[in-house]
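Asker: This structure is in structure tokens; I'll ask about it shortly.
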2 protein chains.
Amino acid sequence: MIEILPITGIPEVERDADVAALIVTGLTDAGISLRPSDVLVVTHKIVSKAEGRFIDAADDRAYREAVAGQARAIIRRRGDLIITQTHHGFICANAGVDRSNVPGDRAVLLPLDPDRSAHLIRMKLKQATGLDIPVVISDTFGRPWRRGQTDVAIGISGLEAIADHRGRPDAEGRIMDATEVAIVDEIAAAADLAMGKADRIPAAIVRGVDWSPGSARATDLVRPPHEDLFR
Amino acid sequence: MIEILPITGIPEVERDADVAALIVTGLTDAGISLRPSDVLVVTHKIVSKAEGRFIDAADDRAYREAVAGQARAIIRRRGDLIITQTHHGFICANAGVDRSNVPGDRAVLLPLDPDRSAHLIRMKLKQATGLDIPVVISDTFGRPWRRGQTDVAIGISGLEAIADHRGRPDAEGRIMDATEVAIVDEIAAAADLAMGKADRIPAAIVRGVDWSPGSARATDLVRPPHEDLFR
């Protein structure tokens, strides 16, 4: 059985907040005791805020300039919709610059190095709790071809990004030839179900997933250009 | 809290099997009592098998012919990799024709009308249990730009496909302008975490999700061509 436990009660995060400490308090208040097989999912928004990744977005022009500043490349553009590649390599709308749930005339950028952010939260959590829990930092991305958005992993620490079933026998004994599950993206999507966009629930514990310890980076999930048919 | 309960013990499914009855038995054996807010997720593989959607795939040529027969359009092709649009409208590799976990020299096609298949399972389940539980039929799709695959919804019955937060105030009172969560895809991805590719766990109950009753079709998730920048 999988359980997804929302971590409620985390206050509005400003620059220099200690995200790991807020999460430890939230866990205690919610009566959640961490287990060694848990995964912590944190939406990037509070990580970015704690890292001071704010930018002025008082008007649309300032916002567009912020997007341009965060994009390594423009993949497609139509009207106000700009599909970009961020400097990390992620392909998403508006270079991840986000105005929702941000106080004042500001927008929030993605963390500079989300894998490093995930690593730091993991290390602080380990110091505070004695448990080495993998951390996934999530963001909400659109997809080509399919309407609506889903949460995906943009920063990870302590686990493999992909559960690779290639070369393993399936239930029929046939070797599976094309099954690489993006398990950290499924973990991020599952956590989003417990968070809710309009509520202030920026983190969740995902319990019971059969993840593998590892040192993958979320940028490992970016398909290299020579493998990518859609750039 | 969200819970994802795998439905174990479902035997190999052949043509004319009663998927709803197998699930009712599986739920009983697993000691799972359905609740009104549950969602049932079923991998398309057992639905397709029960509907007799087998095709000969004794060699690669037969397989390629099966793929060609299921594709309405070829979107991209490179070597053995063919990205197709299926006759339902879904864009995926190999028109959803799948050789893994299929006994004999056969492959399995997608259900002819997965939304209808979901509806029939939902009605039978209602007859058997008295509860009207939404049903999501899932498949494993790759994505452009990101490595690895995730489960998505290809057939749904009884719930809205997208949780539309546009026009609602966020936690800051600001109107959210671009948040449409593909909730049925997140439900499918979450369920996959409890299933495991090499194990024979073809269904799961997802409990505690804040879904809305509705009559959406999974094909509603297909982005219409004029909205799609990547075809």
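Order determines the names: the first chain of the structure tokens is A, the second B, and so forth; residues in each chain are numbered 1 upward, and ligands are numbered 1 upward as they are shown.
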Write out as a PyMOL selection string which residues come within 10 Å of Gly130 (chain A) when counting only C-alpha atoms, dropping same-chain ones fewer than 4 positions away.
Answerer: chain A and resi 34+36+123-126
Asker: Identify, on the basis of only C-alpha atoms, every residue whose closest approach to region 182-194 of chain A does not exceed 9 Å; exclude the query and any residue fewer than 6 positions from it along the same chain; express the result as a PyMOL selection string.
Answerer: (chain A and resi 4-6+39+41-43+136-140+150-154+156+159-164+201+203-206+209+211+218+221) or (chain B and resi 1-2+146-151+183+185-193+208-210)
Asker: Which residue is closest to chain A? Choose from B:Ile121, B:Val47, B:Val135, B:Ile75 and count only C-alpha atoms.
Answerer: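 So, comparing all the options, the nearest one is B:Ile75.
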Asker: Using the chain letters and numbers from this document, which residues of region 2-203 of chain A does DSSP assign to strand (DSSP E or B), as a ChimeraX atom specification?
Answerer: /A:2-6,39-43,54-56,71-78,81-86,91-93,98,106-108,135-142,146,149-157,159,163-164,169,175,180-181,203
Asker: Take the residues that were just selected and, keeping C-alpha atoms, output them as a compact mmCIF listing (two decimals), in the first residue's frame.
Answerer:
# COMPACT_ATOMS: atom_id res chain seq x y z
CA ILE A 2 1.10 3.53 -0.79
CA GLU A 3 0.20 6.42 1.50
CA ILE A 4 0.53 10.11 0.72
CA LEU A 5 0.53 12.29 3.80
CA PRO A 6 0.14 16.03 3.29
CA VAL A 39 10.11 10.00 0.27
CA LEU A 40 9.66 13.72 0.97
CA VAL A 41 8.14 15.76 -1.85
CA VAL A 42 8.42 19.56 -1.64
CA THR A 43 6.95 21.95 -4.20
CA PHE A 54 12.02 36.45 -6.29
CA ILE A 55 11.87 38.80 -9.24
CA ASP A 56 9.87 41.92 -9.92
CA ALA A 71 15.37 30.81 -20.74
CA ARG A 72 18.35 29.21 -22.42
CA ALA A 73 16.29 28.72 -25.58
CA ILE A 74 12.80 29.39 -26.91
CA ILE A 75 11.35 26.11 -28.20
CA ARG A 76 7.97 27.41 -29.42
CA ARG A 77 6.04 30.64 -29.08
CA ARG A 78 2.43 31.50 -29.79
CA LEU A 81 2.52 31.19 -24.52
CA ILE A 82 6.27 30.63 -24.59
CA ILE A 83 7.70 27.13 -24.36
CA THR A 84 11.27 27.48 -23.18
CA GLN A 85 14.26 25.47 -22.19
CA THR A 86 15.48 26.68 -18.81
CA ILE A 91 11.46 22.31 -21.21
CA CYS A 92 8.40 24.07 -19.81
CA ALA A 93 6.17 27.13 -20.22
CA ASP A 98 5.45 31.77 -11.66
CA ARG A 106 6.71 39.53 -7.57
CA ALA A 107 7.17 36.25 -9.36
CA VAL A 108 9.20 33.25 -8.25
CA VAL A 135 13.84 14.34 -1.39
CA VAL A 136 11.94 15.26 -4.57
CA ILE A 137 11.37 18.92 -5.48
CA SER A 138 8.35 19.24 -7.78
CA ASP A 139 6.94 21.74 -10.24
CA THR A 140 3.79 21.78 -12.36
CA PHE A 141 4.49 21.32 -16.08
CA GLY A 142 2.22 21.19 -19.11
CA ARG A 146 -2.34 16.25 -23.62
CA GLN A 149 -0.69 19.88 -16.21
CA THR A 150 0.91 17.36 -13.90
CA ASP A 151 3.60 17.67 -11.27
CA VAL A 152 7.06 16.41 -12.18
CA ALA A 153 10.43 16.22 -10.41
CA ILE A 154 12.81 19.12 -11.04
CA GLY A 155 15.23 18.34 -8.21
CA ILE A 156 16.01 15.04 -6.49
CA SER A 157 18.42 13.66 -3.93
CA LEU A 159 17.16 7.98 -5.11
CA ALA A 163 13.09 2.40 -12.42
CA ASP A 164 14.68 0.49 -15.27
CA PRO A 169 11.56 -10.79 -17.38
CA ILE A 175 12.19 -9.86 -21.57
CA GLU A 180 11.79 2.65 -17.97
CA VAL A 181 9.43 4.16 -15.42
CA ALA A 203 4.98 19.26 0.97
Asker: Please identify the alpha helix (DSSP H) residues within chain A (assignment by DSSP from backbone atoms) and present them as JSON, numbers by chain.
Answerer: {"A": [19, 20, 21, 22, 23, 24, 25, 26, 27, 28, 29, 30, 44, 45, 46, 47, 48, 49, 50, 60, 61, 62, 63, 64, 65, 66, 67, 68, 69, 70, 114, 115, 116, 117, 118, 119, 120, 121, 122, 123, 124, 125, 126, 127, 128, 129, 183, 184, 185, 186, 187, 188, 189, 190, 191, 192, 193, 194, 195]}
Asker: Determine the nearest neighbour of chain B from the options A:His226, A:His87, A:His44, A:Arg200, counting only C-alpha atoms.
Answerer: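 With only C-alpha atoms as the atom set, the closest residue is A:Arg200.
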